[in-house]
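Asks: work.pdb is reproduced below (PDB, C-alpha atoms).
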ATOM      1  CA  MET A 203     -48.984 -23.112   3.703
ATOM      2  CA  HIS A 204     -45.291 -23.357   2.956
ATOM      3  CA  ARG A 205     -45.647 -25.490  -0.145
ATOM      4  CA  PHE A 206     -44.993 -22.347  -2.199
ATOM      5  CA  LEU A 207     -41.305 -22.727  -1.246
ATOM      6  CA  LEU A 208     -41.183 -25.747  -3.576
ATOM      7  CA  THR A 209     -42.497 -23.897  -6.626
ATOM      8  CA  PRO A 210     -40.038 -23.202  -9.502
ATOM      9  CA  ARG A 211     -40.104 -19.475  -8.704
ATOM     10  CA  TRP A 212     -39.091 -20.038  -5.097
ATOM     11  CA  TRP A 213     -36.556 -22.678  -6.038
ATOM     12  CA  GLY A 214     -34.823 -19.977  -8.091
ATOM     13  CA  ILE A 215     -35.006 -17.475  -5.224
ATOM     14  CA  ASN A 216     -33.689 -19.987  -2.680
ATOM     15  CA  VAL A 217     -30.827 -21.136  -4.900
ATOM     16  CA  PHE A 218     -29.819 -17.519  -5.506
ATOM     17  CA  VAL A 219     -29.806 -16.795  -1.755
ATOM     18  CA  ALA A 220     -27.943 -20.031  -0.971
ATOM     19  CA  LEU A 221     -25.196 -19.039  -3.426
ATOM     20  CA  ALA A 222     -25.128 -15.284  -2.784
ATOM     21  CA  VAL A 223     -24.776 -15.405   1.014
ATOM     22  CA  PRO A 224     -21.640 -17.596   1.234
ATOM     23  CA  PHE A 225     -20.092 -15.776  -1.732
ATOM     24  CA  CYS A 226     -20.580 -12.377  -0.065
ATOM     25  CA  LEU A 227     -19.283 -13.736   3.238
ATOM     26  CA  TYR A 228     -16.201 -15.117   1.504
ATOM     27  CA  MET A 229     -15.490 -11.857  -0.313
ATOM     28  CA  GLY A 230     -16.022  -9.842   2.864
ATOM     29  CA  SER A 231     -13.654 -12.100   4.799
ATOM     30  CA  TRP A 232     -11.074 -11.864   1.999
ATOM     31  CA  GLN A 233     -11.199  -8.053   1.994
ATOM     32  CA  LEU A 234     -10.935  -8.040   5.799
ATOM     33  CA  GLY A 235      -7.903 -10.300   5.546
ATOM     34  CA  ARG A 236      -6.300  -7.883   3.083
ATOM     35  CA  PHE A 237      -6.876  -5.017   5.513
ATOM     36  CA  GLU A 238      -5.424  -7.009   8.421
ATOM     37  CA  ASP A 239      -2.364  -7.883   6.314
ATOM     38  CA  ARG A 240      -1.792  -4.188   5.645
ATOM     39  CA  VAL A 241      -2.187  -3.396   9.346
ATOM     40  CA  ASP A 242       0.334  -6.102  10.268
ATOM     41  CA  SER A 243       2.841  -4.991   7.618
ATOM     42  CA  HIS A 244       2.412  -1.371   8.716
ATOM     43  CA  ARG A 245       3.083  -2.363  12.327
ATOM     44  CA  GLU A 246       6.123  -4.414  11.355
ATOM     45  CA  ALA A 247       7.498  -1.629   9.164
ATOM     46  CA  ASN A 248       7.135   0.932  11.930
ATOM     47  CA  ALA A 249       8.648  -1.438  14.483
ATOM     48  CA  GLN A 250      11.823  -1.859  12.466
ATOM     49  CA  GLN A 251      14.909  -0.093  13.806
ATOM     50  CA  PRO A 252      17.298  -0.091  10.817
ATOM     51  CA  ALA A 253      20.237   1.249  12.800
ATOM     52  CA  ASP A 254      20.063  -1.756  15.148
ATOM     53  CA  GLN A 255      20.032  -4.354  12.371
ATOM     54  CA  VAL A 256      23.026  -6.363  11.265
ATOM     55  CA  ALA A 257      23.993  -5.101   7.816
ATOM     56  CA  ALA A 258      23.977  -7.510   4.891
ATOM     57  CA  PRO A 259      25.927  -7.117   1.633
ATOM     58  CA  LEU A 260      24.072  -4.822  -0.759
ATOM     59  CA  ASP A 261      23.933  -7.324  -3.621
ATOM     60  CA  SER A 262      22.345  -9.967  -1.372
ATOM     61  CA  LEU A 263      19.326  -7.711  -0.700
ATOM     62  CA  LEU A 264      18.525  -6.899  -4.317
ATOM     63  CA  PRO A 265      16.119  -6.502  -5.965
ATOM     64  CA  VAL A 266      14.347  -4.439  -3.323
ATOM     65  CA  ASP A 267      11.028  -5.870  -2.149
ATOM     66  CA  LYS A 268       8.797  -5.644   0.922
ATOM     67  CA  THR A 269      11.142  -7.938   2.816
ATOM     68  CA  THR A 270      14.424  -6.165   2.056
ATOM     69  CA  SER A 271      13.186  -2.565   1.960
ATOM     70  CA  GLY A 272      14.484  -0.808   5.065
ATOM     71  CA  ARG A 273      17.113  -3.485   5.751
ATOM     72  CA  MET A 274      20.622  -2.310   6.538
ATOM     73  CA  ALA A 275      22.918  -2.849   3.569
ATOM     74  CA  ALA A 276      26.706  -2.581   3.453
ATOM     75  CA  THR A 277      28.924  -1.804   0.510
ATOM     76  CA  ALA A 278      32.257  -0.150  -0.237
ATOM     77  CA  GLY A 279      33.814   2.035  -2.897
ATOM     78  CA  GLU A 280      34.601   5.658  -3.639
ATOM     79  CA  TYR A 281      32.260   8.628  -3.634
ATOM     80  CA  GLY A 282      31.732  10.429  -6.932
ATOM     81  CA  ASP A 283      29.154  12.958  -8.118
ATOM     82  CA  GLN A 284      27.139  14.797  -5.494
ATOM     83  CA  LEU A 285      23.587  16.058  -6.079
ATOM     84  CA  LEU A 286      21.006  17.865  -3.990
ATOM     85  CA  VAL A 287      17.411  16.644  -3.707
ATOM     86  CA  PRO A 288      15.282  19.725  -2.967
ATOM     87  CA  GLU A 289      11.870  20.179  -1.335
ATOM     88  CA  ARG A 290      12.135  17.241   1.041
ATOM     89  CA  ARG A 291      10.371  17.558   4.387
ATOM     90  CA  LEU A 292      11.613  16.137   7.656
ATOM     91  CA  ASP A 293       9.819  16.595  10.982
ATOM     92  CA  GLY A 294       7.519  19.154   9.365
ATOM     93  CA  GLU A 295      10.374  21.326   8.088
ATOM     94  CA  SER A 296      11.375  21.845   4.456
ATOM     95  CA  GLY A 297      14.910  21.130   3.360
ATOM     96  CA  PHE A 298      16.981  19.019   1.004
ATOM     97  CA  TYR A 299      18.825  15.716   0.835
ATOM     98  CA  VAL A 300      22.548  15.536   0.179
ATOM     99  CA  LEU A 301      22.930  12.633  -2.248
ATOM    100  CA  THR A 302      26.298  11.280  -3.322
ATOM    101  CA  LEU A 303      26.912   8.521  -5.857
ATOM    102  CA  LEU A 304      29.050   5.739  -4.411
ATOM    103  CA  LYS A 305      31.014   3.886  -7.091
ATOM    104  CA  THR A 306      31.164   0.403  -5.576
ATOM    105  CA  ASP A 307      33.712  -2.344  -6.097
ATOM    106  CA  SER A 308      31.199  -4.132  -8.350
ATOM    107  CA  GLY A 309      31.521  -1.356 -10.918
ATOM    108  CA  LYS A 310      28.001  -0.059 -10.322
ATOM    109  CA  ALA A 311      27.125   3.092  -8.432
ATOM    110  CA  VAL A 312      24.491   3.377  -5.727
ATOM    111  CA  PRO A 313      22.930   6.699  -4.674
ATOM    112  CA  VAL A 314      23.641   7.381  -0.992
ATOM    113  CA  VAL A 315      21.629   9.989   0.900
ATOM    114  CA  ARG A 316      24.209  11.123   3.435
ATOM    115  CA  GLY A 317      21.768  13.362   5.291
ATOM    116  CA  TRP A 318      19.256  16.208   5.295
ATOM    117  CA  LEU A 319      19.745  19.938   5.737
ATOM    118  CA  PRO A 320      17.068  22.596   6.299
ATOM    119  CA  GLY A 321      16.293  25.428   3.921
ATOM    120  CA  VAL A 322      16.695  25.923   0.181
ATOM    121  CA  ALA A 323      19.017  23.539  -1.639
ATOM    122  CA  ASP A 324      22.437  25.195  -1.754
ATOM    123  CA  PRO A 325      25.660  23.436  -2.803
ATOM    124  CA  ALA A 326      27.619  25.698  -0.456
ATOM    125  CA  LYS A 327      25.774  24.199   2.543
ATOM    126  CA  ALA A 328      26.367  20.573   1.550
ATOM    127  CA  PRO A 329      29.464  18.981   3.119
ATOM    128  CA  ALA A 330      31.876  17.399   0.670
ATOM    129  CA  PRO A 331      31.940  13.591   0.733
ATOM    130  CA  PRO A 332      34.900  11.712   2.204
ATOM    131  CA  THR A 333      37.726  11.004  -0.208
ATOM    132  CA  GLY A 334      39.319   7.663  -0.944
ATOM    133  CA  ARG A 335      37.848   4.251  -0.343
ATOM    134  CA  VAL A 336      34.980   4.172   2.153
ATOM    135  CA  GLU A 337      32.714   1.557   3.640
ATOM    136  CA  VAL A 338      29.073   2.653   3.719
ATOM    137  CA  THR A 339      26.170   1.196   5.652
ATOM    138  CA  GLY A 340      22.643   2.478   5.106
ATOM    139  CA  ALA A 341      18.990   1.519   5.018
ATOM    140  CA  LEU A 342      18.052   0.098   1.634
ATOM    141  CA  GLN A 343      15.273   1.910  -0.234
ATOM    142  CA  SER A 344      13.477   1.147  -3.480
ATOM    143  CA  ALA A 345      13.848   3.573  -6.372
ATOM    144  CA  GLU A 346      11.401   6.454  -6.366
ATOM    145  CA  ASN A 347       9.095   7.343  -9.246
ATOM    146  CA  SER A 348       6.913  10.289 -10.218
ATOM    147  CA  GLY A 349       4.103   8.946  -8.027
ATOM    148  CA  THR A 350       6.203   8.687  -4.867
ATOM    149  CA  LYS A 351       5.004  11.017  -2.132
ATOM    150  CA  GLY A 352       7.120  14.137  -1.685
ATOM    151  CA  VAL A 353       9.164  13.969  -4.898
ATOM    152  CA  HIS A 354       9.669  16.866  -7.312
ATOM    153  CA  SER A 355       8.527  15.320 -10.587
ATOM    154  CA  GLN A 356       7.765  18.451 -12.641
ATOM    155  CA  GLY A 357      11.338  18.922 -13.863
ATOM    156  CA  GLY A 358      12.963  22.312 -14.404
ATOM    157  CA  LEU A 359      15.461  21.906 -11.558
ATOM    158  CA  PRO A 360      18.846  23.631 -11.714
ATOM    159  CA  ALA A 361      21.959  21.678 -12.623
ATOM    160  CA  GLY A 362      23.201  19.635  -9.709
ATOM    161  CA  GLN A 363      19.717  18.933  -8.358
ATOM    162  CA  LEU A 364      17.620  15.789  -8.603
ATOM    163  CA  GLY A 365      13.859  15.523  -8.138
ATOM    164  CA  VAL A 366      13.383  11.731  -8.079
ATOM    165  CA  ILE A 367      15.894   9.286  -6.603
ATOM    166  CA  GLY A 368      16.264   6.345  -8.955
ATOM    167  CA  ALA A 369      18.273   4.903 -11.804
ATOM    168  CA  ALA A 370      15.740   6.156 -14.356
ATOM    169  CA  SER A 371      16.307   9.782 -13.369
ATOM    170  CA  LEU A 372      20.087   9.407 -12.947
ATOM    171  CA  VAL A 373      20.936   7.499 -16.098
ATOM    172  CA  ASN A 374      21.361  10.677 -18.160
ATOM    173  CA  ILE A 375      23.226  12.536 -15.411
ATOM    174  CA  VAL A 376      26.055  10.204 -14.394
ATOM    175  CA  PRO A 377      28.279   8.201 -16.751
ATOM    176  CA  TYR A 378      28.285   4.877 -14.921
ATOM    177  CA  GLU A 379      25.992   1.906 -14.410
ATOM    178  CA  LEU A 380      23.576   2.239 -11.504
ATOM    179  CA  TYR A 381      21.816   0.111  -8.935
ATOM    180  CA  ASP A 382      18.052   0.650  -9.087
ATOM    181  CA  ALA A 383      17.939   1.356  -5.360
ATOM    182  CA  TRP A 384      19.432   3.798  -2.873
ATOM    183  CA  LEU A 385      20.785   3.929   0.657
ATOM    184  CA  THR A 386      20.091   6.364   3.449
ATOM    185  CA  VAL A 387      22.817   6.607   6.071
ATOM    186  CA  GLN A 388      21.371   6.350   9.573
ATOM    187  CA  THR A 389      24.277   7.849  11.540
ATOM    188  CA  PRO A 390      24.733  11.638  11.748
ATOM    189  CA  SER A 391      27.674  13.137   9.890
ATOM    190  CA  ASP A 392      28.949  16.648   9.162
ATOM    191  CA  GLY A 393      26.025  18.253  11.003
ATOM    192  CA  MET A 394      23.414  16.681   8.725
ATOM    193  CA  THR A 395      20.254  14.981   9.989
ATOM    194  CA  PRO A 396      19.862  11.310   9.036
ATOM    195  CA  VAL A 397      16.945  10.601   6.701
ATOM    196  CA  PRO A 398      14.724   7.864   8.201
ATOM    197  CA  ALA A 399      14.034   4.796   6.114
ATOM    198  CA  GLN A 400      10.607   4.807   4.530
ATOM    199  CA  ALA A 401       8.217   1.880   4.894
ATOM    200  CA  PRO A 402       7.921  -0.376   1.822
ATOM    201  CA  THR A 403       5.203   0.501  -0.663
ATOM    202  CA  ASP A 404       1.749  -1.025  -0.163
ATOM    203  CA  THR A 405       2.384  -1.693   3.512
ATOM    204  CA  GLY A 406       0.991   1.428   5.149
ATOM    205  CA  LEU A 407      -2.491   2.381   6.334
ATOM    206  CA  ASP A 408      -3.110   4.305   3.122
ATOM    207  CA  LEU A 409      -6.183   4.768   0.937
ATOM    208  CA  LYS A 410      -5.911   1.209  -0.390
ATOM    209  CA  ALA A 411      -6.017  -0.194   3.145
ATOM    210  CA  PHE A 412      -9.183   1.682   4.019
ATOM    211  CA  GLN A 413     -10.678   0.752   0.651
ATOM    212  CA  ASN A 414     -10.253  -2.888   1.691
ATOM    213  CA  LEU A 415     -12.020  -2.099   4.965
ATOM    214  CA  GLY A 416     -14.821  -0.312   3.118
ATOM    215  CA  TYR A 417     -15.277  -3.223   0.721
ATOM    216  CA  THR A 418     -15.469  -5.546   3.729
ATOM    217  CA  GLY A 419     -18.424  -3.562   5.055
ATOM    218  CA  GLU A 420     -20.098  -3.505   1.636
ATOM    219  CA  TRP A 421     -19.972  -7.295   1.250
ATOM    220  CA  PHE A 422     -21.471  -7.864   4.702
ATOM    221  CA  VAL A 423     -24.177  -5.287   3.931
ATOM    222  CA  PHE A 424     -24.957  -7.285   0.771
ATOM    223  CA  VAL A 425     -25.470 -10.376   2.944
ATOM    224  CA  ALA A 426     -27.898  -8.514   5.182
ATOM    225  CA  PHE A 427     -29.711  -7.094   2.151
ATOM    226  CA  VAL A 428     -30.113 -10.509   0.489
ATOM    227  CA  LEU A 429     -31.496 -12.053   3.692
ATOM    228  CA  PHE A 430     -33.795  -9.078   4.271
ATOM    229  CA  MET A 431     -35.207  -9.278   0.743
ATOM    230  CA  TRP A 432     -35.724 -13.057   1.060
ATOM    231  CA  PHE A 433     -37.595 -12.593   4.346
ATOM    232  CA  ARG A 434     -39.672  -9.750   2.902
ATOM    233  CA  LEU A 435     -40.712 -11.852  -0.110
ATOM    234  CA  TYR A 436     -41.421 -14.806   2.154
ATOM    235  CA  ARG A 437     -43.594 -12.742   4.508
ATOM    236  CA  ARG A 438     -45.519 -11.195   1.634
ATOM    237  CA  GLU A 439     -46.162 -14.644   0.156
ATOM    238  CA  VAL A 440     -47.408 -15.985   3.510
ATOM    239  CA  GLU A 441     -49.651 -12.955   4.034
ATOM    240  CA  THR A 442     -51.104 -13.357   0.547
ATOM    241  CA  ILE A 443     -51.934 -17.018   1.207
ATOM    242  CA  ARG A 444     -53.528 -16.197   4.568
ATOM    243  CA  ASP A 445     -55.605 -13.407   3.039
ATOM    244  CA  ALA A 446     -56.759 -15.764   0.276
ATOM    245  CA  GLU A 447     -57.739 -18.443   2.804
ATOM    246  CA  ALA A 448     -59.667 -15.848   4.817
ATOM    247  CA  GLY A 449     -61.487 -14.657   1.699
ATOM    248  CA  LEU A 450     -60.033 -11.188   1.938
ATOM    249  CA  LEU A 451     -58.776 -11.141  -1.642
ATOM    250  CA  GLU A 452     -61.048 -10.276  -4.535
ATOM    251  CA  PRO A 453     -61.457 -13.029  -7.134
ATOM    252  CA  ALA A 454     -59.206 -12.585 -10.128
ATOM    253  CA  ALA A 455     -60.977 -11.036 -13.126
ATOM    254  CA  GLN A 456     -62.089 -13.593 -15.723
TER     255      GLN A 456
END
Starting from the file, give its structure as structure tokens.

Replies:
Amino acid sequence: MHRFLLTPRWWGINVFVALAVPFCLYMGSWQLGRFEDRVDSHREANAQQPADQVAAPLDSLLPVDKTTSGRMAATAGEYGDQLLVPERRLDGESGFYVLTLLKTDSGKAVPVVRGWLPGVADPAKAPAPPTGRVEVTGALQSAENSGTKGVHSQGGLPAGQLGVIGAASLVNIVPYELYDAWLTVQTPSDGMTPVPAQAPTDTGLDLKAFQNLGYTGEWFVFVAFVLFMWFRLYRREVETIRDAEAGLLEPAAQ
């Protein structure tokens, strides 16, 4: 009865199933691995306590990547231009960052977010930066872009305000060379609230993470579908043979 499995038609079906099932299982496992990697990186990022880390020289942590983002970086120099970064939320409240450019000993400047204040951005509320040479330690952050969550990317801000923290948005505002990164000071100063370090990009439980989880389910559903269709075709073939042997099928028209 099962000789039909050796016909060319069923050879093609069986080969397809034999290739499709392991392929779908591999792809499902790969997508699941991607999701688990994002979960692990999210857990590690949230477990980091930047203020408790030993600070490393700023230049040794650049360029910023998933490993160095959030690490404590140390540098020294003199504070220069100060800008306000409006419409930044902290603990559910709207306010603004106080950002000061630190001209380091290397000749480059690094944006330093010295803290956060509630309300509308107002230069009169922002404490003046310390004068003279200072040593600064802060959590290293990658440059923002127009797609970064929470930034003001539409433009039209008053003079002295900055919507996106990064060298690309500062290059036409300040007259010195810039690091394409920024620091956020983790110790309170002048009544300002420290701005927590953000987790590195592509490490959170965001839409991409749950897309990986959804794709995992889809690939395993494909496996079940392929096996179901093979069994359905097999059962129909067996039933057809049995009906023919029992004489229940009408002779084919000549």

Asks: Write out as a ChimeraX atom specification the residues lying within 12 Å of A:Leu342, counting all atoms listed in the file and excluding same-chain residues fewer than 2 positions away.

Replies: /A:252-253,255,257-277,312-315,338-340,344-345,381-388,397-402

Asks: Please evaluate the PyMOL selection byres ((chain A and resi 434-443) around 12) against the structure above and give the resulting residues as a ChimeraX atom specification.

Replies: /A:203-207,211-212,215-216,427-433,444-452

Asks: Of the candidates A:Ala311, A:Glu379, A:Lys327, A:Gly368, which one gets nearest to A:Gln343 if we count all atoms listed in the file?

Replies: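 Smallest distance to A:Gln343 is found for A:Gly368.
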
Asks: For this structure, which residues satisfy the selection - the PyMOL selection byres ((chain A and resi 285) around 8) - when it is evaluated on the file as given? I want them as number ranges by chain.

Replies: A: 283-284, 286-287, 300-302, 362-364

Asks: Translate the PyMOL selection byres ((chain A and resi 331) around 9) into a concrete residue list for this structure, as a PDB file with C-alpha atoms, keeping the file's coordinate frame.

Replies:
ATOM      1  CA  TYR A 281      32.260   8.628  -3.634  1.00  0.00           C
ATOM      2  CA  GLY A 282      31.732  10.429  -6.932  1.00  0.00           C
ATOM      3  CA  GLN A 284      27.139  14.797  -5.494  1.00  0.00           C
ATOM      4  CA  THR A 302      26.298  11.280  -3.322  1.00  0.00           C
ATOM      5  CA  ARG A 316      24.209  11.123   3.435  1.00  0.00           C
ATOM      6  CA  ALA A 328      26.367  20.573   1.550  1.00  0.00           C
ATOM      7  CA  PRO A 329      29.464  18.981   3.119  1.00  0.00           C
ATOM      8  CA  ALA A 330      31.876  17.399   0.670  1.00  0.00           C
ATOM      9  CA  PRO A 332      34.900  11.712   2.204  1.00  0.00           C
ATOM     10  CA  THR A 333      37.726  11.004  -0.208  1.00  0.00           C
TER      11      THR A 333
END

Asks: List the residues sitting within 8 Å of (7.8, 11.4, 2.4) in the file's frame, using only C-alpha atoms, as a list of chain:residue names.

Replies: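 Those residues lying close to the given coordinates are A:Arg290, A:Arg291, A:Thr350, A:Lys351, A:Gly352, A:Val353, A:Gln400.
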
Asks: Report, in Å with one decimal, the straight-line distance from atom CA of A:Thr395 to atom CA of A:Ser371.

Replies: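 If I compute the distance from atom CA of A:Thr395 to atom CA of A:Ser371, I get 24.3 Å.
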
Asks: Counting all atoms listed in the file, select every polymer residue within 10 Å of (-8.8, -8.8, 2.8) as defined in the file's coordinates, and provide the selection as a list in words.

Replies: Tyr228, Met229, Gly230, Ser231, Trp232, Gln233, Leu234, Gly235, Arg236, Phe237, Glu238, Asp239, Arg240, Ala411, Gln413, Asn414, Leu415, Tyr417 and Thr418 of chain A

Asks: Calculate, to one decimal in Å, the centre and edge lengths of the box along x, y and z of the file that holds all listed atoms of stretch 407-422 of chain A with 3 Å of margin on each side, and present them as JSON.

Replies:
{"center_x": -12.0, "center_y": -1.5, "center_z": 3.0, "size_x": 25.0, "size_y": 18.6, "size_z": 12.7}

Asks: Choose the residue, out of A:Gly294, A:Gly214, A:Pro224, A:Gly358, that has the smallest atom-to-atom separation from A:Trp421; count all atoms listed in the file.

Replies: A:Pro224

Asks: Tell me, in Å to one decimal, how far atom CA of A:Pro320 is from atom CA of A:Glu295.

Replies: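 Taking atom CA of A:Pro320 and atom CA of A:Glu295, their separation equals 7.0 Å.
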
Asks: Please measure the separation of atom CA of A:Val256 and atom CA of A:Leu380, giving the value in Å to one decimal.

Replies: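 So the answer is 24.3 Å.
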
Asks: In terms of the shortest atom-to-atom distance over all atoms listed in the file, which of A:Tyr378, A:Phe422, A:Gln356, A:Ala361 is closest to A:Thr306?

Replies: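 Under the stated criterion, the closest residue is A:Tyr378.
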
Asks: Which residue gives the smallest distance to A:Gly357 among A:Pro288, A:Val219, A:Leu208, A:Val241, with only C-alpha atoms counted?

Replies: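 Comparing A:Pro288, A:Val219, A:Leu208, A:Val241 against A:Gly357, the winner is A:Pro288.
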
Asks: Under the rule that only C-alpha atoms are counted, which of A:Leu304, A:Leu227, A:Val423, A:Met394 is the nearest residue to A:Leu319?

Replies: A:Met394

Asks: Pick out the closest residue to A:Gly317 from this set: A:Pro390, A:Pro377, A:Gly334, A:Gly365. Count all atoms listed in the file.

Replies: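 Selected residue with least distance to A:Gly317: A:Pro390.
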